[in-house]
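Coordinates from target.cif are shown below (mmCIF, C-alpha atoms).
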data_query
loop_
_atom_site.label_atom_id
_atom_site.label_comp_id
_atom_site.auth_asym_id
_atom_site.auth_seq_id
_atom_site.Cartn_x
_atom_site.Cartn_y
_atom_site.Cartn_z
CA MET V 15 -12.60 -18.18 8.43
CA SER V 16 -15.31 -20.71 9.10
CA GLU V 17 -17.66 -18.16 10.66
CA PRO V 18 -20.83 -17.51 8.67
CA ILE V 19 -20.65 -14.29 6.68
CA PRO V 20 -23.45 -11.84 7.50
CA ALA V 21 -24.95 -10.09 4.47
CA ILE V 22 -23.87 -6.56 3.58
CA LYS V 23 -27.00 -4.44 3.47
CA LYS V 24 -25.59 -0.96 3.69
CA PHE V 25 -22.19 0.77 3.38
CA SER V 26 -21.80 1.18 7.13
CA ASP V 27 -21.97 -2.62 7.52
CA LEU V 28 -18.37 -2.64 6.28
CA ALA V 29 -17.44 -1.14 9.64
CA ASN V 30 -18.12 -4.58 11.13
CA PRO V 31 -14.75 -6.39 11.05
CA THR V 32 -16.39 -9.83 10.66
CA ILE V 33 -18.27 -8.63 7.57
CA PHE V 34 -15.07 -7.08 6.22
CA LEU V 35 -13.18 -10.37 6.72
CA GLY V 36 -15.90 -12.22 4.78
CA LEU V 37 -15.74 -9.67 1.99
CA THR V 38 -11.93 -9.94 1.83
CA ALA V 39 -12.07 -13.74 1.59
CA ARG V 40 -14.40 -13.40 -1.39
CA ILE V 41 -12.68 -10.52 -3.24
CA VAL V 42 -8.97 -11.21 -2.77
CA PRO V 43 -8.70 -14.35 -4.98
CA PHE V 44 -10.20 -12.40 -7.93
CA LEU V 45 -7.98 -9.38 -7.25
CA ALA V 46 -4.88 -11.58 -7.04
CA VAL V 47 -5.61 -13.33 -10.35
CA ALA V 48 -6.42 -10.00 -12.05
CA THR V 49 -3.13 -8.56 -10.72
CA ALA V 50 -1.10 -11.49 -12.07
CA LEU V 51 -2.75 -11.32 -15.51
CA MET V 52 -2.32 -7.55 -15.70
CA PHE V 53 1.37 -7.83 -14.76
CA ALA V 54 1.92 -10.54 -17.38
CA PHE V 55 0.32 -8.35 -20.07
CA GLY V 56 2.09 -5.20 -18.81
CA LEU V 57 5.54 -6.83 -18.76
CA TYR V 58 4.92 -8.27 -22.23
CA LEU V 59 4.10 -4.78 -23.55
CA ALA V 60 6.98 -3.21 -21.60
CA PHE V 61 9.57 -5.37 -23.35
CA THR V 62 8.03 -5.69 -26.81
CA THR V 63 7.30 -2.01 -27.53
CA GLU V 64 10.00 0.15 -29.07
CA GLY V 65 12.67 2.12 -27.22
CA ASP V 66 12.65 5.92 -27.30
CA TYR V 67 14.64 7.69 -30.05
CA GLN V 68 16.46 9.77 -27.43
CA GLN V 69 16.39 7.64 -24.29
CA GLY V 70 16.77 4.27 -25.99
CA GLU V 71 16.14 1.24 -23.76
CA THR V 72 16.00 3.23 -20.51
CA VAL V 73 12.46 4.36 -21.33
CA ARG V 74 11.44 0.90 -20.04
CA ILE V 75 12.38 2.03 -16.52
CA MET V 76 9.40 4.40 -16.78
CA TYR V 77 6.99 1.41 -16.73
CA VAL V 78 7.96 0.58 -13.15
CA HIS V 79 9.10 4.01 -11.93
CA VAL V 80 5.93 5.98 -12.76
CA PRO V 81 3.45 3.40 -11.36
CA ALA V 82 5.50 3.13 -8.14
CA ALA V 83 5.58 6.93 -7.78
CA TRP V 84 1.84 7.15 -8.50
CA LEU V 85 1.10 4.51 -5.87
CA SER V 86 3.30 6.27 -3.32
CA MET V 87 0.94 9.27 -3.54
CA MET V 88 -2.30 7.29 -3.90
CA CYS V 89 -1.44 5.25 -0.81
CA TYR V 90 -0.89 8.41 1.23
CA SER V 91 -4.19 9.83 -0.03
CA ILE V 92 -5.96 6.64 1.09
CA MET V 93 -4.28 7.01 4.48
CA ALA V 94 -5.46 10.64 4.68
CA ALA V 95 -9.03 9.56 3.88
CA SER V 96 -8.71 6.87 6.56
CA ALA V 97 -7.42 9.47 9.02
CA LEU V 98 -10.56 11.55 8.35
CA GLY V 99 -12.58 8.38 8.96
CA THR V 100 -10.87 7.97 12.33
CA LEU V 101 -11.25 11.58 13.47
CA VAL V 102 -14.63 12.53 12.00
CA TRP V 103 -16.71 9.34 11.86
CA ARG V 104 -14.71 7.19 14.31
CA HIS V 105 -15.01 4.37 11.81
CA PRO V 106 -13.54 1.29 13.54
CA LEU V 107 -11.70 0.09 10.44
CA ALA V 108 -10.33 3.49 9.36
CA ASP V 109 -7.38 3.30 11.72
CA VAL V 110 -6.75 -0.32 10.72
CA SER V 111 -6.71 0.75 7.06
CA ALA V 112 -4.23 3.59 7.67
CA LYS V 113 -1.91 1.40 9.73
CA ALA V 114 -2.01 -1.42 7.16
CA ALA V 115 -1.30 0.94 4.24
CA ALA V 116 1.85 2.58 5.69
CA PRO V 117 4.35 -0.27 5.00
CA LEU V 118 2.94 -0.67 1.48
CA GLY V 119 3.35 3.05 0.85
CA ALA V 120 6.90 2.94 2.18
CA GLY V 121 7.70 0.01 -0.13
CA PHE V 122 6.38 1.70 -3.27
CA THR V 123 8.00 5.05 -2.40
CA PHE V 124 11.32 3.28 -1.89
CA LEU V 125 10.86 1.61 -5.28
CA ALA V 126 10.10 4.97 -6.93
CA LEU V 127 13.28 6.45 -5.41
CA VAL V 128 15.48 3.50 -6.43
CA THR V 129 14.18 3.23 -10.01
CA GLY V 130 14.30 7.04 -10.35
CA SER V 131 17.93 6.95 -9.32
CA LEU V 132 18.66 4.14 -11.79
CA TRP V 133 16.97 6.18 -14.52
CA GLY V 134 18.66 9.42 -13.48
CA LYS V 135 22.22 8.10 -13.75
CA PRO V 136 22.18 7.29 -17.50
CA MET V 137 19.82 10.18 -18.44
CA TRP V 138 20.83 13.09 -16.18
CA GLY V 139 24.33 11.90 -15.33
CA THR V 140 23.60 11.78 -11.60
CA TRP V 141 22.10 9.28 -9.16
CA TRP V 142 20.58 11.95 -6.94
CA GLU V 143 19.97 15.69 -6.83
CA TRP V 144 18.50 17.57 -3.86
CA ASP V 145 15.89 19.32 -5.96
CA ALA V 146 12.19 19.87 -5.23
CA ARG V 147 10.65 16.69 -6.68
CA LEU V 148 13.28 14.26 -5.42
CA THR V 149 13.51 15.83 -1.98
CA SER V 150 9.72 15.98 -1.48
CA VAL V 151 9.39 12.28 -2.40
CA PHE V 152 12.23 11.46 -0.01
CA VAL V 153 10.34 13.36 2.72
CA LEU V 154 7.25 11.26 1.89
CA PHE V 155 9.34 8.10 2.39
CA LEU V 156 10.51 9.36 5.79
CA MET V 157 6.91 10.18 6.76
CA TYR V 158 5.83 6.63 5.97
CA LEU V 159 8.62 5.28 8.19
CA GLY V 160 7.69 7.73 10.98
CA LEU V 161 4.01 6.72 10.82
CA MET V 162 4.95 3.03 10.87
CA ALA V 163 7.05 3.61 13.98
CA LEU V 164 4.33 5.68 15.66
CA THR V 165 1.47 3.22 15.08
CA ARG V 166 3.62 0.37 16.38
CA ALA V 167 5.12 2.23 19.34
CA LEU V 168 1.96 2.38 21.50
CA ASP V 169 0.38 -0.82 22.81
CA ASP V 170 -3.16 0.54 22.76
CA PRO V 171 -4.33 0.99 19.15
CA ALA V 172 -7.09 3.37 20.29
CA LYS V 173 -4.46 5.81 21.59
CA SER V 174 -2.12 5.64 18.62
CA ALA V 175 -5.02 5.91 16.14
CA ARG V 176 -5.88 9.54 16.90
CA VAL V 177 -2.26 10.73 17.11
CA ALA V 178 -1.39 8.98 13.84
CA ALA V 179 -4.52 10.36 12.14
CA VAL V 180 -3.61 13.95 13.05
CA LEU V 181 -0.04 13.44 11.85
CA ILE V 182 -1.21 11.85 8.57
CA LEU V 183 -3.48 14.82 7.85
CA ILE V 184 -0.71 17.35 8.60
CA GLY V 185 1.64 15.41 6.32
CA PHE V 186 -0.92 15.43 3.50
CA VAL V 187 0.28 18.93 2.61
CA ASN V 188 3.30 17.18 1.04
CA ILE V 189 1.17 15.48 -1.64
CA PRO V 190 0.31 18.64 -3.67
CA ILE V 191 3.90 19.78 -3.11
CA ILE V 192 5.16 16.57 -4.75
CA LYS V 193 2.64 16.83 -7.59
CA PHE V 194 3.31 20.48 -8.44
CA SER V 195 7.00 20.64 -7.46
CA VAL V 196 7.97 20.18 -11.10
CA GLU V 197 6.00 23.31 -12.03
CA TRP V 198 6.73 25.55 -9.04
CA TRP V 199 10.49 25.12 -8.94
CA ASN V 200 13.37 24.49 -11.31
CA THR V 201 14.09 20.80 -11.21
CA LEU V 202 15.88 18.14 -13.19
CA HIS V 203 12.68 16.09 -13.14
CA GLN V 204 10.45 16.41 -16.18
CA PRO V 205 7.02 18.05 -15.74
CA ALA V 206 3.78 16.04 -15.76
CA SER V 207 3.22 14.34 -19.11
CA VAL V 208 0.41 11.83 -18.59
CA MET V 209 -2.18 13.68 -16.50
CA ARG V 210 -2.37 17.14 -18.08
CA MET V 211 -5.21 19.51 -18.80
CA ASP V 212 -4.35 19.49 -22.53
CA GLY V 213 -4.09 15.71 -22.83
CA SER V 214 -1.23 13.28 -22.54
CA ALA V 215 2.08 14.28 -24.12
CA ILE V 216 3.31 10.71 -24.42
CA ASP V 217 3.17 8.69 -27.62
CA GLY V 218 0.75 5.73 -27.57
CA GLU V 219 3.69 3.34 -27.98
CA PHE V 220 4.85 4.26 -24.44
CA LEU V 221 1.47 5.17 -22.97
CA ARG V 222 -0.07 1.72 -23.49
CA PRO V 223 2.49 -0.28 -21.45
CA LEU V 224 2.61 2.53 -18.89
CA LEU V 225 -1.15 2.46 -18.29
CA VAL V 226 -1.29 -1.35 -18.14
CA MET V 227 1.61 -1.45 -15.66
CA ALA V 228 0.00 1.33 -13.61
CA GLY V 229 -3.21 -0.75 -13.53
CA ALA V 230 -1.25 -3.85 -12.48
CA PHE V 231 0.54 -2.00 -9.66
CA THR V 232 -2.76 -0.46 -8.48
CA LEU V 233 -4.45 -3.89 -8.39
CA LEU V 234 -1.45 -5.26 -6.50
CA PHE V 235 -1.76 -2.45 -3.98
CA PHE V 236 -5.45 -3.12 -3.33
CA THR V 237 -4.87 -6.88 -3.04
CA LEU V 238 -2.14 -6.30 -0.46
CA HIS V 239 -4.10 -3.59 1.34
CA PHE V 240 -7.13 -5.89 1.77
CA LEU V 241 -4.86 -8.65 3.09
CA ALA V 242 -2.96 -6.28 5.39
CA ILE V 243 -6.24 -4.96 6.86
CA ARG V 244 -7.34 -8.56 7.43
CA ASN V 245 -4.01 -9.33 9.15
CA GLU V 246 -4.38 -6.28 11.39
CA ILE V 247 -7.93 -7.28 12.40
CA TRP V 248 -6.64 -10.74 13.28
CA ARG V 249 -3.69 -9.22 15.20
CA ARG V 250 -6.07 -7.12 17.31
CA ARG V 251 -8.26 -10.14 17.99
CA VAL V 252 -5.19 -12.09 19.11
CA SER V 253 -4.10 -9.37 21.52
CA ALA V 254 -7.67 -8.89 22.84
CA GLN V 255 -8.01 -12.63 23.45
CA ARG V 256 -4.59 -12.80 25.11
CA ARG V 257 -5.67 -10.04 27.49
CA LEU V 258 -8.89 -11.95 28.17
CA ALA V 259 -6.89 -15.13 28.84
CA ALA V 260 -4.64 -13.26 31.25
CA ARG V 261 -7.67 -11.88 33.13
CA MET V 262 -9.22 -15.36 33.35
CA ALA V 263 -5.94 -16.84 34.61
CA ASN V 264 -5.78 -14.09 37.24
CA ARG V 265 -9.29 -14.80 38.44
CA GLU V 266 -8.64 -18.54 38.72
CA SER V 267 -5.52 -18.05 40.78
CA MET Z 23 27.67 0.64 -18.17
CA THR Z 24 25.04 0.01 -20.82
CA HIS Z 25 21.44 1.16 -20.72
CA ALA Z 26 20.31 -2.47 -20.51
CA PHE Z 27 22.17 -2.73 -17.20
CA TYR Z 28 20.11 0.09 -15.64
CA VAL Z 29 16.88 -1.37 -17.05
CA ALA Z 30 17.69 -4.84 -15.69
CA LEU Z 31 18.61 -3.41 -12.28
CA SER Z 32 15.34 -1.42 -12.14
CA TYR Z 33 13.20 -4.48 -12.90
CA ALA Z 34 15.23 -6.59 -10.44
CA ALA Z 35 14.65 -3.96 -7.71
CA SER Z 36 10.93 -3.91 -8.54
CA GLY Z 37 10.77 -7.71 -8.34
CA ILE Z 38 12.51 -7.72 -4.97
CA VAL Z 39 10.32 -4.96 -3.45
CA VAL Z 40 7.10 -6.62 -4.71
CA ALA Z 41 8.27 -10.05 -3.46
CA VAL Z 42 9.10 -8.63 -0.01
CA LEU Z 43 5.70 -6.87 0.28
CA VAL Z 44 3.76 -9.96 -0.87
CA GLY Z 45 5.85 -12.34 1.27
CA TRP Z 46 5.58 -10.18 4.36
CA THR Z 47 1.80 -9.81 4.01
CA LEU Z 48 1.27 -13.56 3.51
CA LEU Z 49 3.61 -14.62 6.34
CA ASP Z 50 2.06 -12.07 8.72
CA GLY Z 51 -1.41 -13.41 7.89
CA ARG Z 52 -0.28 -16.97 8.52
CA ALA Z 53 1.30 -16.01 11.87
CA GLN Z 54 -1.88 -14.27 13.10
CA GLN Z 55 -4.05 -17.18 11.93
CA ARG Z 56 -1.81 -19.61 13.84
CA ALA Z 57 -2.01 -17.48 16.99
CA LEU Z 58 -5.82 -17.38 16.77
CA LYS Z 59 -5.98 -21.17 16.35
CA GLU Z 60 -3.71 -21.68 19.37
CA LEU Z 61 -5.91 -19.42 21.50
CA GLU Z 62 -9.01 -21.24 20.34
CA ALA Z 63 -7.39 -24.61 21.14
CA ALA Z 64 -6.64 -23.27 24.62
CA GLY Z 65 -10.33 -22.55 25.05
CA ILE Z 66 -10.12 -18.76 24.62
CA ARG Z 67 -12.86 -17.58 22.27
CA ARG Z 68 -14.08 -14.20 21.19
CA ARG Z 69 -16.97 -13.05 23.32
CA SER Z 70 -19.09 -12.36 20.23
CA ALA Z 71 -18.28 -15.85 18.81
CA ALA Z 72 -19.39 -17.45 22.09
CA ARG Z 73 -22.57 -15.35 22.01
CA ASP Z 74 -23.31 -16.43 18.42
CA GLN Z 75 -23.07 -20.08 19.43
CA ALA Z 76 -25.26 -19.57 22.48
CA GLU Z 77 -27.89 -17.92 20.27
CA LYS Z 78 -27.74 -20.81 17.84
CA LYS Z 79 -28.32 -23.34 20.62
CA ALA Z 80 -31.26 -21.36 21.98
#

As a first step, turn the structure in this file into structure tokens.
Amino acid sequence: MSEPIPAIKKFSDLANPTIFLGLTARIVPFLAVATALMFAFGLYLAFTTEGDYQQGETVRIMYVHVPAAWLSMMCYSIMAASALGTLVWRHPLADVSAKAAAPLGAGFTFLALVTGSLWGKPMWGTWWEWDARLTSVFVLFLMYLGLMALTRALDDPAKSARVAAVLILIGFVNIPIIKFSVEWWNTLHQPASVMRMDGSAIDGEFLRPLLVMAGAFTLLFFTLHFLAIRNEIWRRRVSAQRRLAARMANRES
Amino acid sequence: MTHAFYVALSYAASGIVVAVLVGWTLLDGRAQQRALKELEAAGIRRRSAARDQAEKKA
């Protein structure tokens, strides 16, 4: 954008789309480079560290499966925070943020389901089981698709914003269900082993690549989220200007 | 099927999903940017952009 970038003096200035666009143009190149470097390092670690004594090579699936699953929940949490921003503070970018995050969340949830299935077949002997963890993540995937359809079904973003925000907040109940499903019910899925009150139960050999890959995926998410918010701001400007053009054409005729 | 097969398939799936997300985001951005340029070329400007210019002139 060639427009001059106004200075950011306080947090609420970020609500100004023009300021946000300026900020995105400055931050995204750094985020993109950091993402690429982190992925290069993560993939190097993922394929140079040792296999597990029981799981063998398939432990390497964990380095993409766990970050994707973690992002699927983080993305929904960001959407829930955005929904609060829409309903409580009427922040003009909150709805844009929630709408832009939904396809990313759907993508990472899909990846978590696919890689989980590819890990389940050799380790559990089955591609899929309708147990608590797998089913609740599948429900999360369907919720992302539903929210994508809803936010794109109505022409007026102001109308769809409130409906989507309410639905996002209702759906947030699924996030603790996913997190604790492995403790509340009998499931094939293993219980939490990285984030535990008594410390991680994973050996450093596997934890290092896992954390680097999780960092890389998280950076990728924020890079894409910034860009997707920018795209959505542009899209709304295009439709506003098209409406303006139509009004002007009407007046002239 | 060997374990390496499942590992390779998992990383291939990850590559595809990441490529689709990145590609979609970039192409969408390009499409919106093109639409904005076309509108500007047709003489349609944002009201606030027009106001900014008027203020600069004054």

Residue hits in chain Z, query chain V, radius 8 Å, all atoms listed in the file, as a PyMOL selection string: chain Z and resi 25-26+28-29+31-33+35-36+39+43-44+47-48+50-51+54-55+57-58+61+66-68

Picked residues, the PyMOL selection byres ((chain V and resi 146) around 12), as a PDB file with C-alpha atoms, in the coordinates of the input:
ATOM      1  CA  TRP V 142      20.580  11.950  -6.940  1.00  0.00           C
ATOM      2  CA  GLU V 143      19.970  15.690  -6.830  1.00  0.00           C
ATOM      3  CA  TRP V 144      18.500  17.570  -3.860  1.00  0.00           C
ATOM      4  CA  ASP V 145      15.890  19.320  -5.960  1.00  0.00           C
ATOM      5  CA  ARG V 147      10.650  16.690  -6.680  1.00  0.00           C
ATOM      6  CA  LEU V 148      13.280  14.260  -5.420  1.00  0.00           C
ATOM      7  CA  THR V 149      13.510  15.830  -1.980  1.00  0.00           C
ATOM      8  CA  SER V 150       9.720  15.980  -1.480  1.00  0.00           C
ATOM      9  CA  VAL V 151       9.390  12.280  -2.400  1.00  0.00           C
ATOM     10  CA  PHE V 152      12.230  11.460  -0.010  1.00  0.00           C
ATOM     11  CA  VAL V 153      10.340  13.360   2.720  1.00  0.00           C
ATOM     12  CA  ASN V 188       3.300  17.180   1.040  1.00  0.00           C
ATOM     13  CA  ILE V 191       3.900  19.780  -3.110  1.00  0.00           C
ATOM     14  CA  ILE V 192       5.160  16.570  -4.750  1.00  0.00           C
ATOM     15  CA  LYS V 193       2.640  16.830  -7.590  1.00  0.00           C
ATOM     16  CA  PHE V 194       3.310  20.480  -8.440  1.00  0.00           C
ATOM     17  CA  SER V 195       7.000  20.640  -7.460  1.00  0.00           C
ATOM     18  CA  VAL V 196       7.970  20.180 -11.100  1.00  0.00           C
ATOM     19  CA  GLU V 197       6.000  23.310 -12.030  1.00  0.00           C
ATOM     20  CA  TRP V 198       6.730  25.550  -9.040  1.00  0.00           C
ATOM     21  CA  TRP V 199      10.490  25.120  -8.940  1.00  0.00           C
ATOM     22  CA  ASN V 200      13.370  24.490 -11.310  1.00  0.00           C
ATOM     23  CA  THR V 201      14.090  20.800 -11.210  1.00  0.00           C
ATOM     24  CA  LEU V 202      15.880  18.140 -13.190  1.00  0.00           C
ATOM     25  CA  HIS V 203      12.680  16.090 -13.140  1.00  0.00           C
ATOM     26  CA  GLN V 204      10.450  16.410 -16.180  1.00  0.00           C
ATOM     27  CA  PRO V 205       7.020  18.050 -15.740  1.00  0.00           C
TER      28      PRO V 205
END

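Interatomic distance, CA of Trp138 (chain V) against CA of Trp84 (chain V): 21.3 Å.
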
One-decimal distance in Å that lies between CA of Ala172 (chain V) and CA of Ala263 (chain V):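 Between CA of Ala263 (chain V) and CA of Ala172 (chain V) the gap is 24.8 Å.
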
Output check: residues returned by the PyMOL selection byres ((chain V and resi 58-63) around 9), as a ChimeraX atom specification: /V:53-57,64-65,74,77,219-220,222-224,226-227

CA of Ala230 (chain V) to CA of Leu45 (chain V), distance in Å rounded to a single decimal: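 For CA of Ala230 (chain V) relative to CA of Leu45 (chain V), the distance reads 10.2 Å.
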
Return as JSON the box centre and box size in Å, one decimal, for an axis-aligned box around all listed atoms of region 25-37 of chain Z padded by 8 Å per side.
{"center_x": 16.5, "center_y": -3.3, "center_z": -14.2, "size_x": 27.4, "size_y": 24.9, "size_z": 29.0}

Surrounding residues of region 85-88 of chain V excluding itself and chain neighbours under 2 positions, 6 Å, all atoms listed in the file, as a list in words: Ala82, Ala83, Tyr90, Ser91, Gly119, Phe122 and Thr123 of chain V

Written file, previous selection with C-alpha atoms, as a PDB file, in the frame of the given file:
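Heads up, here's the output in part-v9.pdb:
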ATOM      1  CA  ALA V  82       5.500   3.130  -8.140  1.00  0.00           C
ATOM      2  CA  ALA V  83       5.580   6.930  -7.780  1.00  0.00           C
ATOM      3  CA  TYR V  90      -0.890   8.410   1.230  1.00  0.00           C
ATOM      4  CA  SER V  91      -4.190   9.830  -0.030  1.00  0.00           C
ATOM      5  CA  GLY V 119       3.350   3.050   0.850  1.00  0.00           C
ATOM      6  CA  PHE V 122       6.380   1.700  -3.270  1.00  0.00           C
ATOM      7  CA  THR V 123       8.000   5.050  -2.400  1.00  0.00           C
TER       8      THR V 123
END

Pick from V:Ala178, V:Ala48, V:Ala260, V:Val187 nearest to Ser111 (chain V), counting all atoms listed in the file: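 Nearest to Ser111 (chain V): V:Ala178.
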
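Among the candidate residues V:Glu266, V:Asp109, V:Asp169, V:Asp217, the one lying nearest to Tyr67 (chain V) is V:Asp217, with distances computed using all atoms listed in the file.
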
Exercise: Pro31 (chain V) partners within 10 Å, all atoms listed in the file, chain neighbours under 2 positions left out, as a list in words: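 Using all atoms listed in the file, the neighbours found are Asp27, Leu28, Ala29, Ile33, Phe34, Leu35, Gly36, Leu37, Pro106, Leu107, Ile243, Arg244, Ile247 and Trp248 of chain V.
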
I need the chosen residues saved as a short mmCIF file (atom, residue, chain, number, x, y, z; two decimals), in the coordinates of the input, with C-alpha atoms.
data_model
loop_
_atom_site.label_atom_id
_atom_site.label_comp_id
_atom_site.auth_asym_id
_atom_site.auth_seq_id
_atom_site.Cartn_x
_atom_site.Cartn_y
_atom_site.Cartn_z
CA ASP V 27 -21.97 -2.62 7.52
CA LEU V 28 -18.37 -2.64 6.28
CA ALA V 29 -17.44 -1.14 9.64
CA ILE V 33 -18.27 -8.63 7.57
CA PHE V 34 -15.07 -7.08 6.22
CA LEU V 35 -13.18 -10.37 6.72
CA GLY V 36 -15.90 -12.22 4.78
CA LEU V 37 -15.74 -9.67 1.99
CA PRO V 106 -13.54 1.29 13.54
CA LEU V 107 -11.70 0.09 10.44
CA ILE V 243 -6.24 -4.96 6.86
CA ARG V 244 -7.34 -8.56 7.43
CA ILE V 247 -7.93 -7.28 12.40
CA TRP V 248 -6.64 -10.74 13.28
#

Just add all heavy atoms to region 259-266 of chain V and send it as a compact mmCIF listing (two decimals), in the frame of the given file.
# COMPACT_ATOMS: atom_id res chain seq x y z
N ALA V 259 -7.46 -13.92 28.24
CA ALA V 259 -6.89 -15.13 28.84
C ALA V 259 -6.14 -14.78 30.11
O ALA V 259 -6.23 -15.49 31.12
CB ALA V 259 -5.97 -15.82 27.84
N ALA V 260 -5.41 -13.66 30.08
CA ALA V 260 -4.64 -13.26 31.25
C ALA V 260 -5.58 -12.92 32.41
O ALA V 260 -5.31 -13.28 33.56
CB ALA V 260 -3.77 -12.05 30.91
N ARG V 261 -6.70 -12.23 32.07
CA ARG V 261 -7.67 -11.88 33.13
C ARG V 261 -8.27 -13.14 33.74
O ARG V 261 -8.42 -13.26 34.95
CB ARG V 261 -8.78 -11.01 32.54
CG ARG V 261 -8.52 -9.52 32.72
CD ARG V 261 -9.80 -8.72 32.70
NE ARG V 261 -10.59 -8.94 31.50
CZ ARG V 261 -10.43 -8.27 30.35
NH1 ARG V 261 -9.48 -7.35 30.27
NH2 ARG V 261 -11.17 -8.52 29.31
N MET V 262 -8.62 -14.12 32.85
CA MET V 262 -9.22 -15.36 33.35
C MET V 262 -8.24 -16.11 34.24
O MET V 262 -8.62 -16.65 35.29
CB MET V 262 -9.65 -16.24 32.17
CG MET V 262 -11.00 -15.81 31.60
SD MET V 262 -11.34 -16.47 29.97
CE MET V 262 -11.06 -18.19 30.18
N ALA V 263 -6.97 -16.14 33.84
CA ALA V 263 -5.94 -16.84 34.61
C ALA V 263 -5.79 -16.18 35.98
O ALA V 263 -5.61 -16.85 37.00
CB ALA V 263 -4.62 -16.82 33.87
N ASN V 264 -5.89 -14.85 36.00
CA ASN V 264 -5.78 -14.09 37.24
C ASN V 264 -6.90 -14.46 38.20
O ASN V 264 -6.68 -14.66 39.39
CB ASN V 264 -5.91 -12.59 36.91
CG ASN V 264 -4.64 -11.88 37.27
OD1 ASN V 264 -3.80 -12.43 37.97
ND2 ASN V 264 -4.49 -10.65 36.80
N ARG V 265 -8.13 -14.51 37.62
CA ARG V 265 -9.29 -14.80 38.44
C ARG V 265 -9.19 -16.19 39.06
O ARG V 265 -9.49 -16.40 40.22
CB ARG V 265 -10.56 -14.71 37.57
CG ARG V 265 -11.59 -13.77 38.17
CD ARG V 265 -12.74 -13.61 37.24
NE ARG V 265 -12.53 -12.55 36.28
CZ ARG V 265 -13.23 -12.44 35.14
NH1 ARG V 265 -14.12 -13.34 34.81
NH2 ARG V 265 -13.00 -11.43 34.34
N GLU V 266 -8.73 -17.16 38.23
CA GLU V 266 -8.64 -18.54 38.72
C GLU V 266 -7.65 -18.67 39.86
O GLU V 266 -7.86 -19.42 40.81
CB GLU V 266 -8.26 -19.49 37.58
CG GLU V 266 -9.48 -19.85 36.74
CD GLU V 266 -9.10 -20.42 35.40
OE1 GLU V 266 -7.96 -20.91 35.26
OE2 GLU V 266 -9.94 -20.37 34.48
